[in-house]
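**Student:** Handing you this structure, nothing more for now.
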Amino acid sequence: MKIDASKPLEYSTEENSNKIFGFWVFLGAEIPLFATLFTVFFVMVDRFASGPSGSELFEIGPVLIETFLLLTSSFTIGLAVHAMRLGYKKAMMVFMALTLLMGLGFIGIEITEFVTYVHEGATLQTSGFLSSLFVLLGTHGAHVSFGFLWGTAIMIQLWRQGINPATANKAFIFSLFWHFLDVVWIFIFSFVYLKGLM
Amino acid sequence: MDLDKFKVHGEPLIYGAMISIALATIGILVGLTYFKKWGYLWREWLTTVDHKKIGVMYILAALLMLFRGGVDAMMMRLQTAAPEMKFLDAQHYNEVFTTHGLIMILFMAMPFIIGLMNVIVPLQIGARDVAFPRLNAVSFWLFFFGAMLLNISFVIGGSPDAGWSAYFPLASLEFSPTVGNNYYSLALQISGIGTLITGVNFIVTILKMRAPGMKLMKMPMFTWSVLITNVIIVFAFPVLTVALALMMFDRLFGSQFFTMANGGMDMLWANLFWVWGHPEVYIVILPAFGIYSEIIATFSKKNLYGYTSMVFSMLIISLLSFLVWAHHFYTMGQGAMVNSFFSITTMAIAVPTGVKIFNWLFTLRKGRITFTTPMLYTLAFIPIFTIGGVTGVMLAMASADYQYHNTMFLVAHFHYVLIPGAVFAVIAGFHYWFPKVFGFRLNERLGKHSFWWIVISFNVTFFPLFFLGLMGMTRRMYTYSEESGFGPLNMLSFVGAVGLAIGFVLLVYNIYWSTRYMPRDTTSDPWDGRTLEWATHSPMPVYNFAVVPKVRTRDAFWSAKQENMPLFEDKITKIHMPSNTGKPFILGVIFFFLGFFLVFSMWIPAIVAGVGVLIMLAAMSFDRDHGYYISVDEVMATEKKLMRGETV
């Protein structure tokens with residue numbers, strides 16, 4: 001494997017730079033995926049049949065905490081990549097662990113929210129609005145959960161192998177994924193929750 | 001557990017199919033054991049990451065599916081051959097036309113094209129492999145097991161029966177209570193993920209792995225068409241992913257997306273389906289345009305006329321393909337303004353397509369044309385596809401569509417587009433590139449026989465349907481009365497279908513005959529080709545090119561031959577290759593079981609399989625096998641052998 005020392009470690013081989021580019025293309029596919037889910041949600045947003053509407057259901061408190069956790073975790077994964085470039089394995093691991101913990105916190109709050117909704121009689125089956133809400137939030141939540149498992153797997157590899165072209169590449173790609181989830185959340189926060197609360 | 005829901009009752013045809021499937025399976029298992037081929041199968045095929053072999057497996061699977069979809073087609077034409085036929089009942093007929101459409105589009109045309117692109121694109125761009133060889137194997141096995149999941153539906157639980165477009169509310173649990181449409185949502189989902197991965201893989205391959213000097217506007221036309229197709233895949237398939245997921249939620253978990261009450265909206269399905277479904281038409285047709293461009297240039301001994309306009313017309317078609325989806329449901333009450341918009345965008349597609357047709361005709365003009373089998377298919381494609389295109393513009397007029405909609409006219413139109421546009425193309429491409437992969441040509445005489453059977457019978461089968469449609473015969477009608485007067489033309493159409501079947505059997509016989517008797521090709525360039533794939537040996541070694549070619553012109557191999565521009569200047573160095581892995585295959589198997597358990601709402605096994613998927617993904621992530629090197633000596637030895645015409 002030819003390593004180009006003039007480039008950051010995660011880009012240093014041809015395979016690595018292809019993988020990063022490939023992941024950008026994959027994120028290109030994630031955009032229509034979420035765009036479709038948002039479109040479905042916007043079509044369904046006023047179709048609550050006999051069920052509750054967004055303004056009856058949403059509470060700003062937990063959503064703000066979720067937002068805070070996810071935005072901060074996007075910052076810490078950035079710090080992890082920065083530490084990686086400086087070659088500080090331990091700092092990198094700490095920042096990644098913080099990121100994943102905040103992700104876990106986010107998922108925990110989201111699950112609690114879902115349970116509360118269901119207890120208030122707002123289930124997936126109640127109305128078109130709720131079906132689309134659960135599937136949009138659930139898809140994002142499933143991405144975060146998957147990210148948690150993925151990030152954990154990368155941390156184990158980092159811990160065993162240290163920072164090398166392969167692990168650096170994986171961690172960098174993971175950071176792209178994590179930032180993307182953050183961007184999607186900003187849209188959910190603005191157009192689902194804030195708009196719904198109005 | 002209720003075992004009864006696995007059974008399909010009271011259909012002698014299906015019982016017959018069950019027995020033949022069981023016998024064939026036993027036959028294959030016994031054969032593999034008797035000839036001690038299990039190890040060979042596992043080492044050489046199931047675990048392979050070689051793009052050529054993956055391509056061959058795609059094509060093999062597509063040919064099998066052509067047979068399955070073809071049997072469905074024959075049953076339909078037989079059932080409607082005469083008034084009041086009793087061959088199939090209404091339910092069975094519904095299942096047959098649904099699976100015919102699904103299989104032919106998603107499990108025949110598309111994999112055939114993906115197979116050809118797998119084999120050829122890396123060779124055309126002078127690369128040693130695709131960008132992500134293991135992911136490529138994942139793509140294939142997800143497609144394969146998705147297809148298998150759909151194919152077992154008719155013997156276990158029942159086939160989908162709501163049409164290939166599965167319109168709601170018909171496809172909902174209320175009106176389609178069998179598991180058939182569960183199969184639909186899960187089988188398509190699994191193979192769709194595979195297709196999306198292919199899309200990502202080939203975009204990266206084409207953009208990042210071209211041989212030095214091959215600028216974008218020097219790429220062969222087939223590679224261009226594949227690039228554009230994969231961009232469409234990456235933007236369109238996520239919409240299908242969402243639509244199928246919502247369908248699954250509606251059918252398995254009682255959500256209210258497409259229901260008629262509780263705030264559901266059935267038209268949402270029609271929109272989502274066709275936002276994917278219309279670009280899908282171009283996913284199968286654009287690569288076909290690429291194949292024809294290669295064949296026309298090669299067998300006219302001329303540069304492709306209007307290369308730049310060819311590229312731009314494909315780009316415009318790909319853009320417009322996303323703007324026309326509502327023309328599939330003009331009659332569903334969306335208002336004159338919306339219909340007008342989609343009418344205009346639809347007709348606009350005829351313009352860039354016309355540009356391409358004229359470019360092909362100008363390429364032929366004053367060319368030194370040789371009438372080989374692939375060229376014959378290409379020449380037949382031009383007028384037949386034009387009939388399909390013209391009737392397409394007829395259908396594109398929203399007001400006139402109120403007359404044609406849902407009639408046999410429509411059926412005739414899309415067969416006139418898709419069969420010359422996709423099926424002729426893949427057969428032509430198959431004949432054209434066959435010697436590259438296997439080192440010998442298919443027999444030309446048999447090829448021409450099967451060509452004439454297919455082309456004439458195709459017209460006999462589908463041309464009468466235009467008239468039947470104008471006479472008022474709606475599609476998906478399982479029978480009709482004597483007084484309707486539909487009988488004679490339907491009988492003619494059935495006769496044509498028999499002819500088509502003979503043509504395809506001849507094609508398969510040609511493969512068998514040529515494998516046994518055709519002389520091996522020693523030149524590696526049987527057609528006097530123009531593009532890089534003909535610059536390496538046939539069959540090609542695992543590393544494709546011993547030395548990466550240097551490209552200076554379009555049709556690089558042609559100018560290398562004509563103007564003595566050397567392609568290979570560098571010295572041979574050691575070559576890095578990825579090692580084989582069984583994990584993609586295992587992942588596919590687990591996905592198959594995950595889909596199967598979900599179809600039957602068996603939650604606990606489904607969760608176990610879901611965890612299995614995650615474990616396999618982790619196993620792939622932790623895999624530290626970085627491949628192997630082929631040493632200079634080994635490359636030299638292989639090259640020497642290939643020069644002498646031996647196989648490796």
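Lettering and numbering for the structure tokens are positional, with chains as A, B, ... in the shown order, residues counted from 1 in each chain, and ligands counted from 1 in the shown order.
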I'd like the neighbourhood of A:Ala153 as a PyMOL selection string, where a residue qualifies if any of its atoms comes within 8 Å (using only C-alpha atoms), though same-chain residues fewer than 5 positions away should be ignored.
**Tutor:** chain B and resi 618+621-622
**Student:** Please provide the set of residues having any atom within 8 Å of A:Val144, restricted to only C-alpha atoms, with same-chain residues fewer than 5 positions apart removed, written as JSON, numbers by chain.
**Tutor:** {"A": [103, 107, 178, 181]}
**Student:** Just write the chosen residues, C-alpha atoms, as a compact mmCIF listing (two decimals), in the first residue's frame.
**Tutor:**
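The resulting file, part35.txt, is shown below:
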# COMPACT_ATOMS: atom_id res chain seq x y z
CA GLY A 103 -25.48 9.83 21.33
CA ILE A 107 -31.41 7.84 22.09
CA TRP A 178 -22.20 11.83 12.70
CA LEU A 181 -27.09 13.11 11.57
**Student:** So, counting only C-alpha atoms, which residue among B:Met577, B:Leu315, B:Val121, B:Met148 is closest to chain A?
**Tutor:** B:Met577
**Student:** Taking only C-alpha atoms into account, which residues of chain A are within 8 Å of chain B, as a VMD selection string?
**Tutor:** chain A and resid 15 18 21 to 22 25 to 26 28 to 30 32 to 33 36 to 37 40 44 47 to 50 124 to 129 131 to 132 150 153 157
**Student:** Compile the contact shell of B:Tyr377 as a list of chain:residue names: residues with an atom at most 7 Å away, counting only C-alpha atoms, same-chain residues fewer than 3 positions apart removed.
**Tutor:** B:Thr373, B:Pro374, B:Ala380, B:Phe381, B:Phe424, B:Ala428
**Student:** Could you list, as number ranges by chain, every residue within 10 Å of A:Lys90, counting only C-alpha atoms and ignoring same-chain residues fewer than 3 positions away?
**Tutor:** A: 80, 83-84, 87, 93-96, 158-159, 162
